[in-house]
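Have a look at start_33.cif; it's mmCIF, C-alpha atoms; chains and numbers go by the auth columns:
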```cif
data_final
loop_
_atom_site.group_PDB
_atom_site.id
_atom_site.type_symbol
_atom_site.label_atom_id
_atom_site.label_comp_id
_atom_site.label_asym_id
_atom_site.label_seq_id
_atom_site.Cartn_x
_atom_site.Cartn_y
_atom_site.Cartn_z
_atom_site.B_iso_or_equiv
_atom_site.auth_seq_id
_atom_site.auth_asym_id
ATOM 1 C CA MET A 1 -18.545 -6.088 -28.046 0.00 1 A
ATOM 2 C CA LEU A 2 -17.899 -2.408 -28.749 0.00 2 A
ATOM 3 C CA ILE A 3 -17.362 0.345 -26.178 0.00 3 A
ATOM 4 C CA ASP A 4 -17.169 3.858 -27.597 0.00 4 A
ATOM 5 C CA PHE A 5 -15.017 5.861 -25.161 0.00 5 A
ATOM 6 C CA HIS A 6 -15.686 9.265 -26.739 0.00 6 A
ATOM 7 C CA ILE A 7 -19.159 10.589 -27.545 0.00 7 A
ATOM 8 C CA HIS A 8 -20.987 13.856 -26.873 0.00 8 A
ATOM 9 C CA MET A 9 -24.621 14.748 -26.253 0.00 9 A
ATOM 10 C CA PHE A 10 -26.520 17.594 -24.612 0.00 10 A
ATOM 11 C CA PRO A 11 -29.684 18.297 -22.633 0.00 11 A
ATOM 12 C CA ASP A 12 -32.671 18.405 -24.964 0.00 12 A
ATOM 13 C CA ALA A 13 -33.255 22.116 -24.346 0.00 13 A
ATOM 14 C CA LEU A 14 -29.696 22.969 -25.406 0.00 14 A
ATOM 15 C CA ALA A 15 -28.903 20.353 -28.033 0.00 15 A
ATOM 16 C CA GLU A 16 -30.122 22.162 -31.165 0.00 16 A
ATOM 17 C CA LYS A 17 -28.285 25.385 -30.347 0.00 17 A
ATOM 18 C CA ALA A 18 -25.112 23.582 -29.219 0.00 18 A
ATOM 19 C CA ILE A 19 -24.922 21.383 -32.306 0.00 19 A
ATOM 20 C CA ALA A 20 -25.549 24.319 -34.647 0.00 20 A
ATOM 21 C CA ARG A 21 -22.836 26.397 -32.991 0.00 21 A
ATOM 22 C CA LEU A 22 -20.280 23.588 -33.056 0.00 22 A
ATOM 23 C CA ALA A 23 -21.122 22.629 -36.630 0.00 23 A
ATOM 24 C CA ALA A 24 -20.637 26.242 -37.749 0.00 24 A
ATOM 25 C CA ALA A 25 -17.294 26.480 -35.957 0.00 25 A
ATOM 26 C CA SER A 26 -15.959 23.197 -37.306 0.00 26 A
ATOM 27 C CA GLY A 27 -17.594 23.012 -40.723 0.00 27 A
ATOM 28 C CA LEU A 28 -18.685 19.438 -39.925 0.00 28 A
ATOM 29 C CA ALA A 29 -22.065 17.827 -40.498 0.00 29 A
ATOM 30 C CA PRO A 30 -23.239 16.092 -37.307 0.00 30 A
ATOM 31 C CA GLU A 31 -24.319 12.460 -37.269 0.00 31 A
ATOM 32 C CA THR A 32 -26.936 13.075 -34.542 0.00 32 A
ATOM 33 C CA ASP A 33 -29.023 15.992 -33.301 0.00 33 A
ATOM 34 C CA GLY A 34 -27.150 15.877 -29.998 0.00 34 A
ATOM 35 C CA THR A 35 -30.088 14.708 -27.888 0.00 35 A
ATOM 36 C CA LYS A 36 -29.911 11.679 -25.628 0.00 36 A
ATOM 37 C CA ASP A 37 -32.720 9.733 -27.314 0.00 37 A
ATOM 38 C CA PHE A 38 -31.415 10.199 -30.848 0.00 38 A
ATOM 39 C CA THR A 39 -27.853 9.436 -29.757 0.00 39 A
ATOM 40 C CA LEU A 40 -29.013 6.183 -28.151 0.00 40 A
ATOM 41 C CA GLN A 41 -30.863 5.301 -31.364 0.00 41 A
ATOM 42 C CA LYS A 42 -27.724 5.829 -33.447 0.00 42 A
ATOM 43 C CA LEU A 43 -25.540 3.897 -30.993 0.00 43 A
ATOM 44 C CA ARG A 44 -27.884 0.927 -31.372 0.00 44 A
ATOM 45 C CA GLU A 45 -27.696 1.224 -35.172 0.00 45 A
ATOM 46 C CA TRP A 46 -23.893 1.328 -34.957 0.00 46 A
ATOM 47 C CA GLU A 47 -23.907 -1.733 -32.651 0.00 47 A
ATOM 48 C CA VAL A 48 -22.232 0.103 -29.773 0.00 48 A
ATOM 49 C CA ASP A 49 -22.761 -1.724 -26.468 0.00 49 A
ATOM 50 C CA ARG A 50 -21.592 1.001 -24.041 0.00 50 A
ATOM 51 C CA ALA A 51 -20.558 4.614 -24.545 0.00 51 A
ATOM 52 C CA VAL A 52 -18.604 7.130 -22.469 0.00 52 A
ATOM 53 C CA VAL A 53 -20.343 10.517 -22.644 0.00 53 A
ATOM 54 C CA LEU A 54 -17.802 13.345 -22.373 0.00 54 A
ATOM 55 C CA ASN A 55 -19.241 16.559 -20.949 0.00 55 A
ATOM 56 C CA ILE A 56 -17.363 19.872 -20.800 0.00 56 A
ATOM 57 C CA ALA A 57 -17.856 22.818 -18.452 0.00 57 A
ATOM 58 C CA THR A 58 -16.771 25.607 -20.783 0.00 58 A
ATOM 59 C CA ASN A 59 -17.002 28.181 -17.995 0.00 59 A
ATOM 60 C CA SER A 60 -17.260 28.149 -14.218 0.00 60 A
ATOM 61 C CA ARG A 61 -20.975 29.044 -14.253 0.00 61 A
ATOM 62 C CA GLN A 62 -21.838 25.902 -16.214 0.00 62 A
ATOM 63 C CA GLN A 63 -20.006 23.499 -13.945 0.00 63 A
ATOM 64 C CA THR A 64 -22.907 22.442 -11.701 0.00 64 A
ATOM 65 C CA ASN A 65 -25.461 22.112 -14.502 0.00 65 A
ATOM 66 C CA VAL A 66 -23.070 20.178 -16.709 0.00 66 A
ATOM 67 C CA ASN A 67 -22.465 17.677 -13.939 0.00 67 A
ATOM 68 C CA ASN A 68 -26.143 17.467 -13.030 0.00 68 A
ATOM 69 C CA PHE A 69 -26.777 16.423 -16.630 0.00 69 A
ATOM 70 C CA ALA A 70 -23.951 13.888 -16.486 0.00 70 A
ATOM 71 C CA ILE A 71 -25.307 12.394 -13.271 0.00 71 A
ATOM 72 C CA SER A 72 -28.801 12.158 -14.765 0.00 72 A
ATOM 73 C CA CYS A 73 -27.412 10.045 -17.621 0.00 73 A
ATOM 74 C CA ASN A 74 -25.557 7.577 -15.421 0.00 74 A
ATOM 75 C CA HIS A 75 -27.256 4.376 -16.520 0.00 75 A
ATOM 76 C CA ASP A 76 -26.629 1.647 -19.103 0.00 76 A
ATOM 77 C CA PRO A 77 -25.531 1.868 -21.830 0.00 77 A
ATOM 78 C CA LEU A 78 -24.164 5.322 -21.011 0.00 78 A
ATOM 79 C CA ILE A 79 -21.085 5.994 -18.879 0.00 79 A
ATOM 80 C CA PRO A 80 -21.048 9.776 -18.367 0.00 80 A
ATOM 81 C CA PHE A 81 -17.971 11.729 -17.295 0.00 81 A
ATOM 82 C CA GLY A 82 -18.224 15.011 -15.451 0.00 82 A
ATOM 83 C CA SER A 83 -16.172 18.164 -15.869 0.00 83 A
ATOM 84 C CA VAL A 84 -14.798 21.022 -13.798 0.00 84 A
ATOM 85 C CA HIS A 85 -13.550 24.482 -14.694 0.00 85 A
ATOM 86 C CA PHE A 86 -10.302 25.723 -13.204 0.00 86 A
ATOM 87 C CA GLU A 87 -11.766 29.184 -12.564 0.00 87 A
ATOM 88 C CA SER A 88 -14.458 27.790 -10.289 0.00 88 A
ATOM 89 C CA GLU A 89 -13.752 28.311 -6.587 0.00 89 A
ATOM 90 C CA CYS A 90 -15.399 24.969 -5.862 0.00 90 A
ATOM 91 C CA ALA A 91 -13.739 22.877 -8.584 0.00 91 A
ATOM 92 C CA LEU A 92 -12.118 20.530 -6.065 0.00 92 A
ATOM 93 C CA GLU A 93 -15.376 20.088 -4.156 0.00 93 A
ATOM 94 C CA GLU A 94 -17.159 19.421 -7.447 0.00 94 A
ATOM 95 C CA LEU A 95 -14.716 16.611 -8.142 0.00 95 A
ATOM 96 C CA GLU A 96 -15.809 15.086 -4.831 0.00 96 A
ATOM 97 C CA ARG A 97 -19.446 15.330 -5.959 0.00 97 A
ATOM 98 C CA ILE A 98 -18.596 13.712 -9.292 0.00 98 A
ATOM 99 C CA LYS A 99 -16.924 10.818 -7.514 0.00 99 A
ATOM 100 C CA GLY A 100 -19.714 10.498 -4.939 0.00 100 A
ATOM 101 C CA ALA A 101 -22.330 10.334 -7.695 0.00 101 A
ATOM 102 C CA GLY A 102 -20.655 7.276 -9.157 0.00 102 A
ATOM 103 C CA LEU A 103 -19.137 8.883 -12.242 0.00 103 A
ATOM 104 C CA ARG A 104 -15.880 7.303 -13.344 0.00 104 A
ATOM 105 C CA GLY A 105 -14.020 10.260 -14.792 0.00 105 A
ATOM 106 C CA VAL A 106 -13.856 13.834 -16.037 0.00 106 A
ATOM 107 C CA LYS A 107 -13.301 15.554 -19.351 0.00 107 A
ATOM 108 C CA LEU A 108 -11.105 18.635 -19.644 0.00 108 A
ATOM 109 C CA HIS A 109 -10.768 20.600 -22.887 0.00 109 A
ATOM 110 C CA PRO A 110 -7.843 23.056 -22.914 0.00 110 A
ATOM 111 C CA ASP A 111 -9.130 24.868 -26.005 0.00 111 A
ATOM 112 C CA TYR A 112 -12.736 25.381 -24.883 0.00 112 A
ATOM 113 C CA GLN A 113 -11.782 26.011 -21.256 0.00 113 A
ATOM 114 C CA GLY A 114 -8.832 28.271 -22.015 0.00 114 A
ATOM 115 C CA PHE A 115 -5.715 26.771 -20.480 0.00 115 A
ATOM 116 C CA GLU A 116 -2.444 25.142 -21.459 0.00 116 A
ATOM 117 C CA ILE A 117 -2.397 21.498 -20.432 0.00 117 A
ATOM 118 C CA ASP A 118 0.905 21.880 -18.558 0.00 118 A
ATOM 119 C CA GLU A 119 0.005 25.054 -16.639 0.00 119 A
ATOM 120 C CA ARG A 120 0.849 24.689 -12.961 0.00 120 A
ATOM 121 C CA ARG A 121 -2.429 26.311 -11.908 0.00 121 A
ATOM 122 C CA LEU A 122 -4.188 23.180 -13.197 0.00 122 A
ATOM 123 C CA TYR A 123 -2.042 20.794 -11.158 0.00 123 A
ATOM 124 C CA PRO A 124 -4.179 20.907 -7.972 0.00 124 A
ATOM 125 C CA ILE A 125 -7.141 19.766 -10.078 0.00 125 A
ATOM 126 C CA TYR A 126 -5.096 17.012 -11.709 0.00 126 A
ATOM 127 C CA GLU A 127 -3.825 15.901 -8.318 0.00 127 A
ATOM 128 C CA ARG A 128 -7.333 15.687 -6.867 0.00 128 A
ATOM 129 C CA ILE A 129 -8.562 13.751 -9.898 0.00 129 A
ATOM 130 C CA ALA A 130 -5.756 11.260 -9.315 0.00 130 A
ATOM 131 C CA GLU A 131 -6.431 11.048 -5.559 0.00 131 A
ATOM 132 C CA LEU A 132 -10.084 10.237 -6.249 0.00 132 A
ATOM 133 C CA GLY A 133 -9.155 7.512 -8.716 0.00 133 A
ATOM 134 C CA LEU A 134 -10.946 9.211 -11.594 0.00 134 A
ATOM 135 C CA VAL A 135 -9.942 8.908 -15.242 0.00 135 A
ATOM 136 C CA CYS A 136 -9.128 12.215 -16.944 0.00 136 A
ATOM 137 C CA VAL A 137 -9.814 12.577 -20.672 0.00 137 A
ATOM 138 C CA PHE A 138 -8.199 15.564 -22.379 0.00 138 A
ATOM 139 C CA HIS A 139 -8.819 16.982 -25.803 0.00 139 A
ATOM 140 C CA THR A 140 -5.350 17.074 -27.318 0.00 140 A
ATOM 141 C CA GLY A 141 -3.917 18.554 -30.491 0.00 141 A
ATOM 142 C CA PHE A 142 -5.706 20.652 -33.106 0.00 142 A
ATOM 143 C CA ASP A 143 -9.190 22.039 -32.559 0.00 143 A
ATOM 144 C CA ALA A 144 -11.149 24.185 -35.006 0.00 144 A
ATOM 145 C CA ILE A 145 -12.044 26.672 -32.264 0.00 145 A
ATOM 146 C CA SER A 146 -8.393 27.752 -31.977 0.00 146 A
ATOM 147 C CA PRO A 147 -6.685 26.570 -35.153 0.00 147 A
ATOM 148 C CA ASP A 148 -3.588 28.711 -34.701 0.00 148 A
ATOM 149 C CA HIS A 149 -2.814 27.649 -31.153 0.00 149 A
ATOM 150 C CA ILE A 150 -2.417 24.105 -29.825 0.00 150 A
ATOM 151 C CA HIS A 151 -3.150 24.080 -26.100 0.00 151 A
ATOM 152 C CA ALA A 152 -2.170 20.434 -25.580 0.00 152 A
ATOM 153 C CA THR A 153 0.831 19.437 -27.685 0.00 153 A
ATOM 154 C CA PRO A 154 2.620 16.108 -27.223 0.00 154 A
ATOM 155 C CA GLN A 155 5.551 17.949 -25.641 0.00 155 A
ATOM 156 C CA LYS A 156 3.296 19.624 -23.062 0.00 156 A
ATOM 157 C CA ILE A 157 1.492 16.346 -22.394 0.00 157 A
ATOM 158 C CA ALA A 158 4.839 14.668 -21.767 0.00 158 A
ATOM 159 C CA ARG A 159 5.612 17.292 -19.105 0.00 159 A
ATOM 160 C CA VAL A 160 2.358 16.540 -17.284 0.00 160 A
ATOM 161 C CA LEU A 161 3.101 12.818 -17.440 0.00 161 A
ATOM 162 C CA ARG A 162 6.528 13.479 -15.951 0.00 162 A
ATOM 163 C CA ASP A 163 5.202 15.695 -13.171 0.00 163 A
ATOM 164 C CA LEU A 164 2.085 13.683 -12.303 0.00 164 A
ATOM 165 C CA PRO A 165 2.706 9.980 -12.913 0.00 165 A
ATOM 166 C CA GLN A 166 -0.244 9.125 -10.646 0.00 166 A
ATOM 167 C CA LEU A 167 -2.782 10.732 -13.016 0.00 167 A
ATOM 168 C CA THR A 168 -4.665 8.348 -15.308 0.00 168 A
ATOM 169 C CA MET A 169 -4.734 10.292 -18.566 0.00 169 A
ATOM 170 C CA VAL A 170 -6.543 9.607 -21.824 0.00 170 A
ATOM 171 C CA CYS A 171 -5.321 11.795 -24.683 0.00 171 A
ATOM 172 C CA ALA A 172 -8.079 12.032 -27.250 0.00 172 A
ATOM 173 C CA HIS A 173 -7.537 11.857 -31.001 0.00 173 A
ATOM 174 C CA MET A 174 -4.731 9.289 -30.914 0.00 174 A
ATOM 175 C CA GLY A 175 -2.550 11.329 -28.602 0.00 175 A
ATOM 176 C CA SER A 176 -2.858 14.712 -30.313 0.00 176 A
ATOM 177 C CA MET A 177 -5.048 15.599 -33.289 0.00 177 A
ATOM 178 C CA GLU A 178 -2.938 16.189 -36.405 0.00 178 A
ATOM 179 C CA ARG A 179 0.286 16.120 -34.345 0.00 179 A
ATOM 180 C CA TRP A 180 0.876 12.421 -34.823 0.00 180 A
ATOM 181 C CA ASP A 181 4.552 12.646 -35.776 0.00 181 A
ATOM 182 C CA GLU A 182 5.135 14.351 -32.431 0.00 182 A
ATOM 183 C CA VAL A 183 2.996 11.716 -30.697 0.00 183 A
ATOM 184 C CA GLU A 184 5.390 9.098 -31.999 0.00 184 A
ATOM 185 C CA GLN A 185 8.371 11.143 -30.843 0.00 185 A
ATOM 186 C CA TYR A 186 7.233 12.251 -27.384 0.00 186 A
ATOM 187 C CA LEU A 187 4.378 10.025 -26.175 0.00 187 A
ATOM 188 C CA CYS A 188 4.543 6.508 -27.572 0.00 188 A
ATOM 189 C CA GLY A 189 5.544 4.065 -24.871 0.00 189 A
ATOM 190 C CA LYS A 190 4.670 6.390 -21.982 0.00 190 A
ATOM 191 C CA ARG A 191 2.038 5.659 -19.314 0.00 191 A
ATOM 192 C CA VAL A 192 -0.928 7.235 -21.055 0.00 192 A
ATOM 193 C CA TYR A 193 -3.961 6.063 -23.023 0.00 193 A
ATOM 194 C CA PHE A 194 -4.882 7.317 -26.488 0.00 194 A
ATOM 195 C CA ASP A 195 -8.384 7.174 -27.940 0.00 195 A
ATOM 196 C CA THR A 196 -9.172 6.865 -31.638 0.00 196 A
ATOM 197 C CA ALA A 197 -11.741 9.687 -31.794 0.00 197 A
ATOM 198 C CA PHE A 198 -12.040 11.483 -35.125 0.00 198 A
ATOM 199 C CA THR A 199 -9.131 9.645 -36.712 0.00 199 A
ATOM 200 C CA ALA A 200 -10.926 7.840 -39.549 0.00 200 A
ATOM 201 C CA GLY A 201 -10.144 9.758 -42.722 0.00 201 A
ATOM 202 C CA TYR A 202 -7.505 11.913 -41.029 0.00 202 A
ATOM 203 C CA LEU A 203 -4.847 9.579 -39.640 0.00 203 A
ATOM 204 C CA SER A 204 -3.253 7.347 -42.273 0.00 204 A
ATOM 205 C CA PRO A 205 -3.612 3.580 -41.755 0.00 205 A
ATOM 206 C CA ALA A 206 0.172 3.175 -41.867 0.00 206 A
ATOM 207 C CA GLN A 207 0.737 5.721 -39.109 0.00 207 A
ATOM 208 C CA ALA A 208 -2.145 4.336 -37.036 0.00 208 A
ATOM 209 C CA GLU A 209 -0.576 0.879 -37.224 0.00 209 A
ATOM 210 C CA ARG A 210 2.810 2.299 -36.300 0.00 210 A
ATOM 211 C CA ILE A 211 1.455 4.186 -33.280 0.00 211 A
ATOM 212 C CA ILE A 212 -0.421 1.103 -32.076 0.00 212 A
ATOM 213 C CA SER A 213 2.717 -1.005 -32.468 0.00 213 A
ATOM 214 C CA ARG A 214 4.946 1.495 -30.667 0.00 214 A
ATOM 215 C CA HIS A 215 2.511 2.461 -27.932 0.00 215 A
ATOM 216 C CA GLY A 216 0.901 -0.933 -27.401 0.00 216 A
ATOM 217 C CA ALA A 217 -2.658 -1.942 -28.284 0.00 217 A
ATOM 218 C CA GLN A 218 -3.348 -2.299 -24.556 0.00 218 A
ATOM 219 C CA ASN A 219 -3.137 1.495 -24.295 0.00 219 A
ATOM 220 C CA ILE A 220 -5.560 2.380 -27.107 0.00 220 A
ATOM 221 C CA LEU A 221 -9.280 3.006 -26.542 0.00 221 A
ATOM 222 C CA PHE A 222 -11.913 2.938 -29.266 0.00 222 A
ATOM 223 C CA GLY A 223 -13.614 6.313 -29.580 0.00 223 A
ATOM 224 C CA SER A 224 -15.561 7.992 -32.360 0.00 224 A
ATOM 225 C CA ASP A 225 -16.240 11.639 -31.313 0.00 225 A
ATOM 226 C CA CYS A 226 -19.947 11.171 -32.101 0.00 226 A
ATOM 227 C CA PRO A 227 -21.773 13.234 -33.304 0.00 227 A
ATOM 228 C CA TRP A 228 -18.810 14.437 -35.386 0.00 228 A
ATOM 229 C CA GLN A 229 -17.920 10.964 -36.582 0.00 229 A
ATOM 230 C CA ALA A 230 -20.086 7.856 -36.580 0.00 230 A
ATOM 231 C CA SER A 231 -18.963 4.991 -34.371 0.00 231 A
ATOM 232 C CA SER A 232 -19.417 2.722 -37.377 0.00 232 A
ATOM 233 C CA ALA A 233 -16.939 4.751 -39.450 0.00 233 A
ATOM 234 C CA THR A 234 -14.314 4.594 -36.732 0.00 234 A
ATOM 235 C CA TYR A 235 -14.969 0.874 -36.304 0.00 235 A
ATOM 236 C CA ARG A 236 -14.389 0.243 -40.013 0.00 236 A
ATOM 237 C CA PHE A 237 -11.147 2.217 -39.882 0.00 237 A
ATOM 238 C CA ILE A 238 -9.735 0.274 -36.929 0.00 238 A
ATOM 239 C CA ASP A 239 -10.994 -3.037 -38.287 0.00 239 A
ATOM 240 C CA SER A 240 -9.211 -2.360 -41.601 0.00 240 A
ATOM 241 C CA LEU A 241 -5.802 -1.988 -39.950 0.00 241 A
ATOM 242 C CA HIS A 242 -3.214 -4.707 -40.253 0.00 242 A
ATOM 243 C CA ILE A 243 -3.174 -5.620 -36.574 0.00 243 A
ATOM 244 C CA SER A 244 -4.194 -8.867 -34.905 0.00 244 A
ATOM 245 C CA SER A 245 -7.721 -9.778 -33.835 0.00 245 A
ATOM 246 C CA ALA A 246 -6.488 -9.861 -30.244 0.00 246 A
ATOM 247 C CA GLN A 247 -5.216 -6.291 -30.566 0.00 247 A
ATOM 248 C CA LYS A 248 -8.512 -5.171 -32.097 0.00 248 A
ATOM 249 C CA ASP A 249 -10.451 -6.711 -29.203 0.00 249 A
ATOM 250 C CA MET A 250 -8.269 -4.774 -26.764 0.00 250 A
ATOM 251 C CA ILE A 251 -9.048 -1.543 -28.594 0.00 251 A
ATOM 252 C CA PHE A 252 -12.742 -2.224 -29.213 0.00 252 A
ATOM 253 C CA TYR A 253 -13.687 -3.075 -25.629 0.00 253 A
ATOM 254 C CA GLN A 254 -11.196 -4.866 -23.372 0.00 254 A
ATOM 255 C CA ASN A 255 -9.093 -1.822 -22.477 0.00 255 A
ATOM 256 C CA ALA A 256 -12.191 0.206 -21.620 0.00 256 A
ATOM 257 C CA GLN A 257 -13.525 -2.625 -19.477 0.00 257 A
ATOM 258 C CA ARG A 258 -10.294 -2.772 -17.526 0.00 258 A
ATOM 259 C CA LEU A 259 -9.887 0.985 -17.177 0.00 259 A
ATOM 260 C CA LEU A 260 -13.474 1.565 -16.038 0.00 260 A
ATOM 261 C CA GLY A 261 -13.798 -1.564 -13.931 0.00 261 A
ATOM 262 C CA LEU A 262 -16.760 -2.875 -15.952 0.00 262 A
#
```
Go through the file and emit its structure as structure tokens.
Amino acid sequence: MLIDFHIHMFPDALAEKAIARLAAASGLAPETDGTKDFTLQKLREWEVDRAVVLNIATNSRQQTNVNNFAISCNHDPLIPFGSVHFESECALEELERIKGAGLRGVKLHPDYQGFEIDERRLYPIYERIAELGLVCVFHTGFDAISPDHIHATPQKIARVLRDLPQLTMVCAHMGSMERWDEVEQYLCGKRVYFDTAFTAGYLSPAQAERIISRHGAQNILFGSDCPWQASSATYRFIDSLHISSAQKDMIFYQNAQRLLGL
């Protein structure tokens, strides 16, 4: 079994424009056209059984529509997460709607949404996410949209973990994209999940093995960052690591099953 905990797709009317804009900003060639149907086709080709769709409200005006799209996709094999924007006056109420609609979590992106992960003004949102029993996935580390400023460093993440131990956090990109030495220093062993999104070809096998050993395979979630990396490429990377079959099974699907109550 394979559960991809980190994919993206868009409403059909927006997909072409969104993918083109993101591809131009990142310099990456997408693996899908961003639509639901084509994404499902590729997931089948990549032998992905379930996939967590991470949606992002990049401004307060988008919040309702983004979550309407997430709710509309809430059926097998997709597990959509909602999103809220801290500038929305109804962000806390929207979290209630997300929970009531049966979504299991939210995605927050400090770079695209414009906040530092440890800013106190975000804490009421984090606290409500925790109270509702939702999982919170954060983009962490480098992002091409703001290459000179890291909004979610391992040090800042560690402060949030200290202040809000009740929050179930998933730090995308193995704890912090391209800040993996700091991940080892500040985050390994703490009560937080990492996902493997966009690590194949960027994170060295030796460091990946070291992080998994230090942090525990039970705290690592398989994720690809589709459409920016194929699930199959990430699978090959994890499968090539010198870790046990039992550890690989935890990463490929067992941890996601436990975390999401599947």
Checklist entry - Given the choices A:Leu161, A:Ala246, A:Ile117, A:Ala200, which gets closest to Gln218 (chain A) if the distance is worked out from all atoms listed in the file? => result A:Ala246
Sorted by chain and rising residue number, which residues of region 128-190 of chain A lie within 12 Å of region 43-67 of chain A, and what are their closest atom pairs and distances in Å to one decimal, counting only C-alpha atoms, as CSV?
```
residue,atom,partner,partner_atom,distance
A:Val135,CA,A:Val52,CA,11.4
A:Cys136,CA,A:Leu54,CA,10.3
A:Val137,CA,A:Leu54,CA,8.2
A:Phe138,CA,A:Leu54,CA,9.9
A:His139,CA,A:Leu54,CA,10.3
A:Val170,CA,A:Leu54,CA,11.9
A:Ala172,CA,A:Leu54,CA,11.0
```
Checklist entry - In terms of the shortest atom-to-atom distance over only C-alpha atoms, which of A:Pro110, A:Asp37, A:Leu132, A:Arg214 is closest to Ile157 (chain A)? => result A:Pro110
Ile238 (chain A) environment, 9 Å, only C-alpha atoms, sequence neighbours closer than 4 positions dropped, as a short mmCIF file (atom, residue, chain, number, x, y, z; two decimals) with C-alpha atoms, keeping the file's coordinate frame:
```cif
data_model
loop_
_atom_site.label_atom_id
_atom_site.label_comp_id
_atom_site.auth_asym_id
_atom_site.auth_seq_id
_atom_site.Cartn_x
_atom_site.Cartn_y
_atom_site.Cartn_z
CA THR A 196 -9.17 6.86 -31.64
CA ALA A 200 -10.93 7.84 -39.55
CA PRO A 205 -3.61 3.58 -41.76
CA ALA A 208 -2.14 4.34 -37.04
CA PHE A 222 -11.91 2.94 -29.27
CA ALA A 233 -16.94 4.75 -39.45
CA THR A 234 -14.31 4.59 -36.73
CA HIS A 242 -3.21 -4.71 -40.25
CA ILE A 243 -3.17 -5.62 -36.57
CA LYS A 248 -8.51 -5.17 -32.10
CA ILE A 251 -9.05 -1.54 -28.59
CA PHE A 252 -12.74 -2.22 -29.21
#
```
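Pairwise distance (CA of Val84 (chain A), CA of Arg121 (chain A)) equals 13.6 Å.
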Next on the checklist: To one decimal place in Å, what is the distance between CA of His8 (chain A) and CA of Lys107 (chain A)?
Outcome noted: 10.9 Å
Next on the checklist: With only C-alpha atoms as the counted atoms, please give the residues lying no more than 8 Å from Met174 (chain A), apart from itself and same-chain residues fewer than 4 positions off, as number ranges by chain.
Outcome noted: A: 180, 194-197, 199, 220
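Across the structure, CA of Gly189 (chain A) and CA of His215 (chain A) are spaced 4.6 Å apart.
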Please expand the PyMOL selection byres ((chain A and resi 11) around 9) into the concrete residues it hits in this file, giving the result as a compact mmCIF listing (two decimals) with C-alpha atoms, keeping the file's coordinate frame.
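Final output, part-v2.txt:
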```
# COMPACT_ATOMS: atom_id res chain seq x y z
CA MET A 9 -24.62 14.75 -26.25
CA PHE A 10 -26.52 17.59 -24.61
CA ASP A 12 -32.67 18.40 -24.96
CA ALA A 13 -33.26 22.12 -24.35
CA LEU A 14 -29.70 22.97 -25.41
CA ALA A 15 -28.90 20.35 -28.03
CA GLY A 34 -27.15 15.88 -30.00
CA THR A 35 -30.09 14.71 -27.89
CA LYS A 36 -29.91 11.68 -25.63
CA PHE A 69 -26.78 16.42 -16.63
```
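Considering only C-alpha atoms, the residue among A:Arg120, A:Arg210, A:His149, A:Arg21 positioned nearest to Asp163 (chain A) is A:Arg120.
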Item to check | Nearest residue to Gln41 (chain A) from the set A:Gly105, A:Pro77, A:Leu203, A:Asp181 (distances using only C-alpha atoms) | outcome: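 Nearest to Gln41 (chain A): A:Pro77.
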Next on the checklist: Taking 4 positions as the minimum chain separation for residues in the same chain, which residues sit within 9 Å of Lys156 (chain A) when counting only C-alpha atoms? Answer as a list in words.
Outcome noted: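 Counting only C-alpha atoms, the residues come to Glu116, Ile117, Asp118, His151, Ala152, Val160 and Leu161 of chain A.
Here the PyMOL selection byres ((chain A and resi 100) around 12) matches the residues A:Asn67, A:Ile71, A:Gly82, A:Glu93, A:Glu94, A:Leu95, A:Glu96, A:Arg97, A:Ile98, A:Lys99, A:Ala101, A:Gly102, A:Leu103, A:Arg104, A:Gly105, A:Leu132, A:Gly133, A:Leu134.
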Item to check | All residues 12 Å or closer to Leu22 (chain A), only C-alpha atoms, same chain fewer than 6 positions away omitted, as a PyMOL selection string | outcome: chain A and resi 8-9+15-16+28-30+33-34+112+143-145+227-228
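Proximity to Glu209 (chain A) was assessed for A:Phe115, A:Phe237, A:Tyr253, A:Phe86 counting only C-alpha atoms; the smallest distance is recorded for A:Phe237.
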Item to check | Hits of the PyMOL selection byres ((chain A and resi 182) around 12) in this structure, as a list in words | outcome: Thr140, Gly141, Ala152, Thr153, Pro154, Gln155, Lys156, Ile157, Ala158, Met174, Gly175, Ser176, Met177, Glu178, Arg179, Trp180, Asp181, Val183, Glu184, Gln185, Tyr186, Leu187, Cys188, Gln207 and Ile211 of chain A
Item to check | Best match for closeness to Ser224 (chain A) among A:Tyr126, A:Ala18, A:His173, A:Val106, counting only C-alpha atoms | outcome: A:His173
Checklist entry - Neighbours of Ala256 (chain A) within 8 Å (only C-alpha atoms; same-chain residues fewer than 6 positions away dropped), as an MDAnalysis selection string? => result chainID A and resid 3 5 221 262
Centre, edges in Å (one decimal): axis-aligned box, region 245-248 of chain A, 6 Å padding on all six sides, as AutoDock Vina command-line options:
```
--center_x -6.9 --center_y -7.5 --center_z -32.0 --size_x 15.3 --size_y 16.7 --size_z 15.6
```
